[in-house]
Each structure stands twice: as C-alpha cells, then as structure tokens.
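Have a look at the structure below, then the notes.
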Amino acid sequence: MIYLVAGAALLLAAIGAPVFALMGFLALYLFHTADISSGAIIVELLRLASLPALIAIPLFTFAGYMLAESKAPRRMVALAQSLFGWLPGGMAVVGLLTCAIFTAFTGASGVTIIALGGLLYPMLRQEGYPEKFSLGLLTTTGSLGLLFPPSLPIILYGLIAPVPIDKLFAASALPGVLLLVILSTYSLWTGWRAGVQKIPFSWANVGTAAREAIWEIPLPFIIIGGIYRGAFTASEASAVMAMYVLVVEIFVYKDLKVSDLPRIIEHSMVLVGSILIVLGTALGLTNYMIDAEIPAKLFDVLHHYLHSKAAFLLVLNAFLLVVNMVEIFSAIIIVVPIIVPVAKQYGIDPIHLGVLFLLNLEIGYMTPPLGLNLFLSSSRFGAPLGKLYAATMPFWLLLLGALMLVTYVPAISLVFVK
C-alpha cells in the first residue's frame, strides 16, 4: 500500500497538484497507518502560529514589494553607478551590489530579475559588456542577496531548524560578502578584457545620486545595524522596515499612492500565503518523520558509507543543490528537520549548517536545468534556456568554489557568531 500511495503522490505531483496538498495527504496517511490521531498535525500548526518570529515573514515581504513597485531600483542603480562606474568593470559591480541589496529586501521571489533586469541589461550592453556575460550576471544576481538580512529564507530556516535568527544573520554576512568579492573580481577582469569604457568619477554625480536616494540610503543601516547591535529583534525590524518604507515611498517620494496599497498587499501576501500553507502541512509531515526516527535511521545508513565529516559535507552539498534547484521553500521546510540531527551526529555546528543550506539555496536558483532564475531570465530577456545555461556556467563554477571554501573553513561563517 505504501508504494501505491507514494506512486499516486508522484503522479499527482507530475500533473501539477499543489505541494501543500500532497504533503498534507501524506501526513494524514502516515499518521493513520501509525494509528496516531491526525490531531498531531494540528498541534504543529498551533505551534507554528505561536512563533513570535513568524510575523517577520509578511512584514518583510510587504516592504520588499513596496520597494519593487517604487522607483527605488533606479535610485539605487544611479547611486552605485556614481560610486563604482569609474572601475574597468564598474557597471557590472553596480549590478552585483544593487541586485544583492534588492534581493535581500525582497526575498526569494524572483522580483530582482523582473524589477532590475530590464534596467540593467541594456545599460550593460551599452557599456560594451558581452551579451553572454550580461545574461549570466543578471541571472546570477537574481538570488545573490539571500545571505544578507533581512532575507526571507534566513528567517524561514531559523524558524524550522530552530536556531536563533540573529545568529544566522551574523553568520551569513561574511560568506555573502565573499561571494560579492569573487564575482566582482571576475566582473572587473571581464570589463578590462572587453575594453569597457570607464565612467569618470565625479563628486557632483555622487552628490546628486545621494540626494535623490537620501531616504533609502539609511534603510540597510537601520535594519541590519539595529539587529546586530541588539536594538530590536528580527520581528521588530520587520515592523520598522515596513513602516519606514511605507512612509518614505508614499509620503516623501510619492512614488506610490495610498490607493496602490491594496494591490501591493494582495500580490505580496499571495507569496506569503503560499509559504505559510506549505509550512503548515510540511510541519505535520516532518513531525511524523521525527516520531518515526527517520533522521536516526538515515544517519545509520549514511554512517555505514560515509565515515568522515568531510565526506558527509560533500554529499550533503550535492544533495542540497539538487533539492534546492527543484523546490526551494519546500526544501527548507521538509529537508531541514531531517538533516539537522544527522549533521549534528557528524559534529557540524547548526549555524554553519544553516549557512551551507542557504548558500546551496542561492546557487540552486541558477543550477541547470530547473533553477528558477533560469526560467525568469528566459522570460524577461527572451533568451533560450540553452543560451542561459552556457551564460551562467562561469558564475556557477565561481559560486561552487566559494561553497567549497565556506564548507571546509567553518570560521568564515562562525567568526562573528557570539
């Protein structure tokens, strides 16, 4: 019977059944076969609803969507261009920095490629960057900021693991900077090789761009600095950011109108709702897996073949890349409760494990053949998937090298964790 049920679930998934419905069905069936009341699932839903940090998800998402709907992306690009356009690959560095910041605030929703791609791609091509490089850069940057607060996947991972979200923010910062440094170096080299013309530096241009973005420049410092200094928690930071962005974009810049809010709320909460409904059903399924001691059994199997922590980490990274390429939020919700106790048996710090998971998530977005960024870029730029596979490969290899470095040098993740 279990094989028939599993086969039916796979068939339903293949024809497009919602993920939450499949997980809810499996949870109900498995608890029924174990002669356990289905109330065990509801217990997990109640526990989820009582988590104080849960409110951060809708508030950060709402603030990110307001930024995407405003003219903030143009102001951010103009400011970054005035600061870094004088470098031989300055425009590419501008794209990396602005997309990373924008992705951190909008979450893993694909908004970055849609909102900034159409703005940055013609600018890169006009500056003389090769088409292949430009497509690869913008496809990569669609998920580049997921390691920076207030990234939605960081919050979600902290809720599921569970580990302190503030510590995850601190642990993810240096690996995120490492990725930016590596990709910026590659971009500068590409710009120099392609003979891209530099934009002369001008304090007047910097001043003009800074004045235009004067109300948005403090936002990362308020939110990130407030969290790191202990001025407020991640949940309180989400409320501060939502209110700040609402006031600035509606009443200061007037990019948005009060009448726009219902539409923005609707669009942003559709994403939040899809996350929460998957989260609720998945917690019931993972509750069964824990009751059935599946993590312990999995460790016994792995320990038979993988005797060292280094070998386990290598296999774990390969597994996470595949899982995160196919289904991202579900991967966090389903896989994390299983791998956390297994990794603990191998002596892996749970904070370090969280950074590895998030870094794999970031790379999984652009991993062929099913990475979400590839499909978004194909739709946004009208490029065939085969062309995007080739364009993103150099960036994918660089990020993979960074992943190996972070994997086997835990200090990169843990140096700022108190």
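In the structure tokens, each chain is lettered A, B, ... as it comes, each chain's residues begin at 1, and ligands are numbered from 1 in order of appearance.
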
Legend entry - Selection near A:Gly386, 12 Å with only C-alpha atoms, sequence-local residues under 2 positions removed, as number ranges by chain: A: 132, 135-136, 368-370, 374-375, 377-378, 382-384, 388-393

Legend entry - Near-A:Tyr129 list (12 Å; only C-alpha atoms; drop same-chain fewer than 3 positions) as a PyMOL selection string: chain A and resi 88-92+120-126+132-137+187-198

Inset, instruction - Would you list the contacts of A:Ser143 as a PyMOL selection string, taking every protein, DNA or RNA residue within 12 Å and counting only C-alpha atoms, but skipping same-chain residues closer than 2 positions in sequence? - result: chain A and resi 96-113+137-141+145-148+151-153+176+179-180+328+358-367+371-374+376-377+399

The selected residues should be written to file as a tab-separated table (two decimals), in the first residue's frame (atoms: C-alpha atoms).
```
chain	number	residue	atom	x	y	z
A	96	LEU	CA	26.01	42.98	-8.37
A	97	LEU	CA	25.70	45.36	-5.43
A	98	THR	CA	22.26	46.76	-6.24
A	99	CYS	CA	20.79	43.35	-7.02
A	100	ALA	CA	22.26	41.84	-3.85
A	101	ILE	CA	20.74	44.57	-1.66
A	102	PHE	CA	17.44	44.43	-3.52
A	103	THR	CA	17.21	40.63	-3.25
A	104	ALA	CA	17.94	40.77	0.48
A	105	PHE	CA	14.95	43.04	1.00
A	106	THR	CA	12.55	41.39	-1.47
A	107	GLY	CA	13.34	37.75	-0.64
A	108	ALA	CA	13.42	34.71	-2.88
A	109	SER	CA	10.55	35.81	-5.07
A	110	GLY	CA	12.18	36.49	-8.43
A	111	VAL	CA	11.38	40.20	-8.10
A	112	THR	CA	15.02	41.25	-8.62
A	113	ILE	CA	15.32	39.91	-12.17
A	137	LEU	CA	25.49	38.19	-14.43
A	138	LEU	CA	21.82	39.20	-14.16
A	139	THR	CA	20.64	35.60	-13.89
A	140	THR	CA	23.11	35.06	-11.04
A	141	THR	CA	22.23	38.26	-9.19
A	145	GLY	CA	21.47	38.70	-1.70
A	146	LEU	CA	19.87	35.75	0.07
A	147	LEU	CA	22.71	35.62	2.60
A	148	PHE	CA	22.13	39.20	3.76
A	151	SER	CA	16.48	37.64	3.73
A	152	LEU	CA	13.26	35.64	3.92
A	153	PRO	CA	14.96	32.21	3.60
A	176	GLY	CA	27.71	36.83	1.41
A	179	LEU	CA	30.51	35.90	-2.96
A	180	LEU	CA	30.33	39.58	-3.88
A	328	ILE	CA	13.05	25.96	-2.70
A	358	LEU	CA	21.31	28.96	2.39
A	359	LEU	CA	24.37	29.13	0.14
A	360	ASN	CA	23.22	25.99	-1.64
A	361	LEU	CA	19.80	27.59	-1.94
A	362	GLU	CA	21.37	30.65	-3.58
A	363	ILE	CA	23.29	28.52	-6.08
A	364	GLY	CA	20.32	26.20	-6.64
A	365	TYR	CA	18.33	29.12	-8.08
A	366	MET	CA	20.70	29.19	-11.07
A	367	THR	CA	21.58	25.49	-11.36
A	371	GLY	CA	16.85	26.61	-11.47
A	372	LEU	CA	14.14	29.25	-11.07
A	373	ASN	CA	16.39	32.15	-12.13
A	374	LEU	CA	16.97	30.49	-15.49
A	376	LEU	CA	12.77	34.02	-15.04
A	377	SER	CA	15.67	35.30	-17.15
A	399	LEU	CA	29.95	30.18	-6.63
```

Legend entry - Residue with smallest distance to A:Lys309 - pool A:Lys71, A:Lys344, A:Arg229, A:Arg380, counting only C-alpha atoms: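 Using only C-alpha atoms, the shortest distance to A:Lys309 belongs to A:Lys344.
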